[in-house]
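A.B. asks: Mind having a look at this structure? Questions to follow.
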Amino acid sequence: MTPAAGPEAARRAAPPPEPPPLDAARRKADFPILAPRPGLPPLVYLDSAATTQKPRSVIQRIVRFYEEENANVHRGLHRLAEAATRAYEEARAAAARFSGAAGPDHVVFTRNATEAVNLVARAWGGMHLGPGDEVIATEMEHHSNLVPWQEVCRSRGAILRIVPVTEDGRLDREAFRRLLGPRTRLLAVSAKSNVLGTVNPVAEMAAEARSAGARVLVDAAQAAPTAAVDLRAWGADFVAFSGHKMCGPMGIGVLALSGDARSDLPPFLFGGEMVRRVTLEGATWNDPPWLWEAGTPSVADAAGLQAAIEYLEEIGAPALHAHEVRLTARCMEMLAGLGGIRIFGPRDPSARPGIVSFWMEDVHPHDLAQLLDADGVAIRAGHHCAQPLMARHGVVATARASFYLYNTDEDVDAFVRAVLRSREMLAPGPKGKHLGI
């Protein structure tokens with residue numbers, strides 16, 4: 001007999017509450033670079049998919065390290081060395097928490113996501129891939145999650161298979177299932193496209209890949225800014241992301257590892273710190289994760305990454321996501337109202353939060369970006385390190401506006417006004433409606 005539904009059951013069945021709106025204007029004040037500058041137009045920074053700006057708390061943490069804790073880590077016995085080691089390993093613990101790794105010993109610090117992917121490609125791929133083995137990547141990958149696999153497959157005699165992208169900017173799931181086979185050794189997939197903004201069904205694809213006996217690497221560089229990284233929930237073996245795309249400093253990245261992956265990833269760089277004992281005849285390796293971190297690390301950047309993680313955790317992933325969706329919807333609607341603009345990627349803003357890539361008739365993206373810069377609006381123009389995806393859509397470049405926690409409705413409006421003015425300068429003729437902006 002089914003028990004009567006009580007208040008607790010009703011609470012569990014109810015949808016999660018909406019997060020409180022993110023106060024972007026207040027958050028913008030946390031970022032010194034966004035403050036007004038005499039003689040310059042207000043900066044409307046819409047290039048966060050390339051790199052985010054840094055809040056004061058991150059900048060101050062880096063300064064504090066160099067002023068109060070600067071020393072090399074792990075081997076020193078003096079006070080500063082102990083303080084530096086503590087800062088570095090506390091940052092590793094924060095990165096483990098943020099990424100959903102099982103613990104700090106499942107987190108490797110790298111320079112960036114690119115280096116993290118290359119570590120896996122060269123170390124894991126060099127050991128586990130052989131002639132006829134297959135790696136699956138996708139047509140929407142950043143070059144950093146494509147070229148390493150091209151190279152390791154070429155050197156090992158393996159085969160690289162590519163999941164195509166549909167016309168609306170999503171991965172072709174049926175094609176992916178057809179590509180899976182007994183020789184599939186690894187799936188390399190982005191959690192979110194840096195061009196289209198498409199959020200990929202990583203957990204579902206990972207489950208299918210693992211059922212075929214394959215490892216899974218997720219490029220989470222574009223997911224990390226909204227704290228949407230979860231190695232265990234995704235069922236991934238390797239997750240890579242960069243600090244500079246999530247309010248952290250440049251020069252620090254993370255490779256998070258599952259327990260299984262950690263046990264069969266050999267070292268890649270050799271030298272100091274990653275060894276336990278060295279003789280003239282050979283060496284033995286240090287424990288994980290230090291055996292993958294040869295040489296002096298960027299300790300200050302690791303401390304800055306921890307400050308960035310704490311900043312994002314204080315805001316919360318739901319609020320970050322909802323804010324990006326709202327700004328994306330506003331931008332897409334206003335651009336569509338101008339006419340003569342082709343927006344790439346899913347039509348649903350919630351499926352592609354934070355990124356709007358587009359092509360405007362009669363105006364090259366590079367020209368548009370330069371004119372917008374004169375108005376104080378910073379966007380990205382080019383192939384965005386995704387040339388195969390550009391070819392798929394029949395263009396050589398797009399203009400890309402990317403939004404983040406410090407962007408406001410007024411930033412979107414200023415961007416669209418600048419786009420309209422640019423077109424009037426470069427392509428005079430019939431215009432779309434001005435939308436009252």
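Naming scheme: A, B, ... for chains in displayed order of the structure tokens; residues 1 onward per chain; ligands 1 onward as shown.
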Go through region 73-256 of chain A and collect every residue that DSSP, computed from the backbone, puts in strand (DSSP E); the answer should be as number ranges by chain.
C.D. replies: A: 107-110, 134-138, 159-163, 184-190, 215-219, 238-242, 253-256
A.B. asks: Mind writing the picked residues with C-alpha atoms as a short mmCIF file (atom, residue, chain, number, x, y, z; two decimals), in the first residue's frame?
C.D. replies:
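The result, stored in selection_11.cif:
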data_model
loop_
_atom_site.label_atom_id
_atom_site.label_comp_id
_atom_site.auth_asym_id
_atom_site.auth_seq_id
_atom_site.Cartn_x
_atom_site.Cartn_y
_atom_site.Cartn_z
CA VAL A 107 43.98 17.14 -8.83
CA VAL A 108 47.00 18.06 -10.95
CA PHE A 109 47.97 21.69 -11.46
CA THR A 110 48.98 22.66 -15.01
CA GLU A 134 40.11 4.90 -31.96
CA VAL A 135 39.64 8.26 -30.26
CA ILE A 136 36.37 10.14 -30.64
CA ALA A 137 36.34 13.95 -30.62
CA THR A 138 33.73 16.38 -31.94
CA ILE A 159 42.32 6.67 -35.71
CA LEU A 160 40.52 9.89 -34.80
CA ARG A 161 36.74 9.81 -35.30
CA ILE A 162 34.68 13.02 -35.31
CA VAL A 163 31.12 13.54 -34.07
CA THR A 184 37.09 3.07 -29.04
CA ARG A 185 39.60 3.95 -26.37
CA LEU A 186 38.68 7.53 -25.44
CA LEU A 187 36.01 10.19 -25.89
CA ALA A 188 37.28 13.80 -25.85
CA VAL A 189 34.39 16.27 -25.62
CA SER A 190 33.82 19.85 -24.50
CA ARG A 215 37.92 6.55 -21.07
CA VAL A 216 36.35 10.03 -21.09
CA LEU A 217 38.10 13.41 -21.15
CA VAL A 218 36.00 16.56 -20.71
CA ASP A 219 37.27 19.99 -21.71
CA PHE A 238 39.79 13.41 -16.93
CA VAL A 239 38.44 16.96 -16.60
CA ALA A 240 40.50 19.96 -17.72
CA PHE A 241 39.87 23.65 -17.07
CA SER A 242 41.74 26.96 -16.84
CA GLY A 253 44.99 25.15 -14.90
CA VAL A 254 43.56 21.96 -13.46
CA LEU A 255 43.43 18.34 -14.51
CA ALA A 256 41.01 16.44 -12.28
#
A.B. asks: Hey, what's within 9 Å of Glu90 (chain A) if we count only C-alpha atoms and toss same-chain stuff fewer than 3 positions away? As a list in words, please?
C.D. replies: Thr85, Arg86, Ala87, Ala93, Ala94, Ala95, Pro104, Ala302, Ala303 and Gln306 of chain A
A.B. asks: If you run DSSP over the backbone, which residues in region 169-203 of chain A end up helix (DSSP H, G or I)? Put them as a VMD selection string.
C.D. replies: chain A and resid 173 to 179 202 to 203
A.B. asks: Just the selected residues (N, CA and C atoms), exported as a compact mmCIF listing (two decimals), in the first residue's frame, please.
C.D. replies:
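Generated output (result.txt):
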# COMPACT_ATOMS: atom_id res chain seq x y z
N ARG A 173 23.89 13.05 -31.76
CA ARG A 173 24.01 11.93 -30.83
C ARG A 173 23.94 10.58 -31.53
N GLU A 174 23.13 10.48 -32.56
CA GLU A 174 23.04 9.20 -33.27
C GLU A 174 24.35 8.89 -33.98
N ALA A 175 24.96 9.91 -34.56
CA ALA A 175 26.25 9.71 -35.20
C ALA A 175 27.28 9.28 -34.16
N PHE A 176 27.24 9.87 -32.98
CA PHE A 176 28.15 9.48 -31.91
C PHE A 176 27.99 8.01 -31.57
N ARG A 177 26.75 7.57 -31.43
CA ARG A 177 26.52 6.16 -31.08
C ARG A 177 27.04 5.23 -32.18
N ARG A 178 26.93 5.67 -33.43
CA ARG A 178 27.44 4.84 -34.52
C ARG A 178 28.97 4.77 -34.50
N LEU A 179 29.61 5.83 -34.02
CA LEU A 179 31.07 5.84 -33.98
C LEU A 179 31.63 4.96 -32.87
N VAL A 202 27.15 15.82 -21.44
CA VAL A 202 28.39 15.12 -21.15
C VAL A 202 28.13 13.84 -20.37
N ALA A 203 27.27 13.89 -19.36
CA ALA A 203 27.05 12.70 -18.53
C ALA A 203 26.49 11.55 -19.37
A.B. asks: Just want the 10 Å neighbourhood of region 331-333 of chain A, counted on only C-alpha atoms, with same-chain residues fewer than 3 positions away dropped. Output as a PyMOL selection string.
C.D. replies: chain A and resi 325-328+336-338+343+347-349+354-358+401+403+409+411-413+415-416+435
A.B. asks: Have a look at A:Pro388, A:Leu420, A:Val58, A:Pro164 and name the one nearest to His244 (chain A); count only C-alpha atoms.
C.D. replies: A:Val58
A.B. asks: Nearest residue to Gly340 (chain A) out of A:Val419, A:Leu305, A:Ala91, A:Ala319, using only C-alpha atoms?
C.D. replies: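 Between A:Val419, A:Leu305, A:Ala91, A:Ala319, the residue approaching Gly340 (chain A) most closely is A:Val419.
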A.B. asks: For Gly376 (chain A), list every protein, DNA or RNA residue within 6 Å, evaluated using only C-alpha atoms, and leave out those in the same chain fewer than 4 positions away; present the list as a ChimeraX atom specification.
C.D. replies: /A:41-44
A.B. asks: In terms of the shortest atom-to-atom distance over only C-alpha atoms, which of A:Leu389, A:Ala300, A:Leu146, A:Leu320 is closest to Arg61 (chain A)?
C.D. replies: A:Ala300
A.B. asks: Using only C-alpha atoms, which of A:Asp133, A:Asp168, A:Asp237, A:Glu69 sits nearest Gly100 (chain A)?
C.D. replies: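 Smallest distance to Gly100 (chain A) is found for A:Asp237.
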A.B. asks: Considering only C-alpha atoms, can you say which of A:Thr398, A:Asn200, A:Thr296, A:Thr52 comes closest to Ile341 (chain A)?
C.D. replies: A:Thr398
A.B. asks: Need the shell around Lys192 (chain A): protein/DNA/RNA residues with any atom at most 8 Å away, counting only C-alpha atoms. Skip same-chain ones fewer than 5 positions apart. Format as a PyMOL selection string?
C.D. replies: chain A and resi 197-200+220-223
A.B. asks: Please produce a file of the residues just selected, as a tab-separated table (two decimals), in the first residue's frame, where the atoms kept are C-alpha atoms.
C.D. replies:
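Final output, saved to result-v5.tsv:
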chain	number	residue	atom	x	y	z
A	197	GLY	CA	27.74	28.25	-26.26
A	198	THR	CA	26.14	24.81	-26.64
A	199	VAL	CA	26.03	22.87	-23.37
A	200	ASN	CA	26.70	19.27	-24.27
A	220	ALA	CA	35.49	22.08	-19.08
A	221	ALA	CA	37.18	25.41	-19.81
A	222	GLN	CA	33.87	27.08	-20.73
A	223	ALA	CA	31.85	25.30	-18.03
A.B. asks: Report, in Å to a single decimal, how far apart CA of Met274 (chain A) and CA of His106 (chain A) are.
C.D. replies: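 Here the two named atoms are 15.1 Å from each other.
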A.B. asks: From the list A:Arg111, A:Arg262, A:Arg277, A:Arg122, which residue is nearest Trp149 (chain A) when using only C-alpha atoms?
C.D. replies: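 Selected residue with least distance to Trp149 (chain A): A:Arg122.
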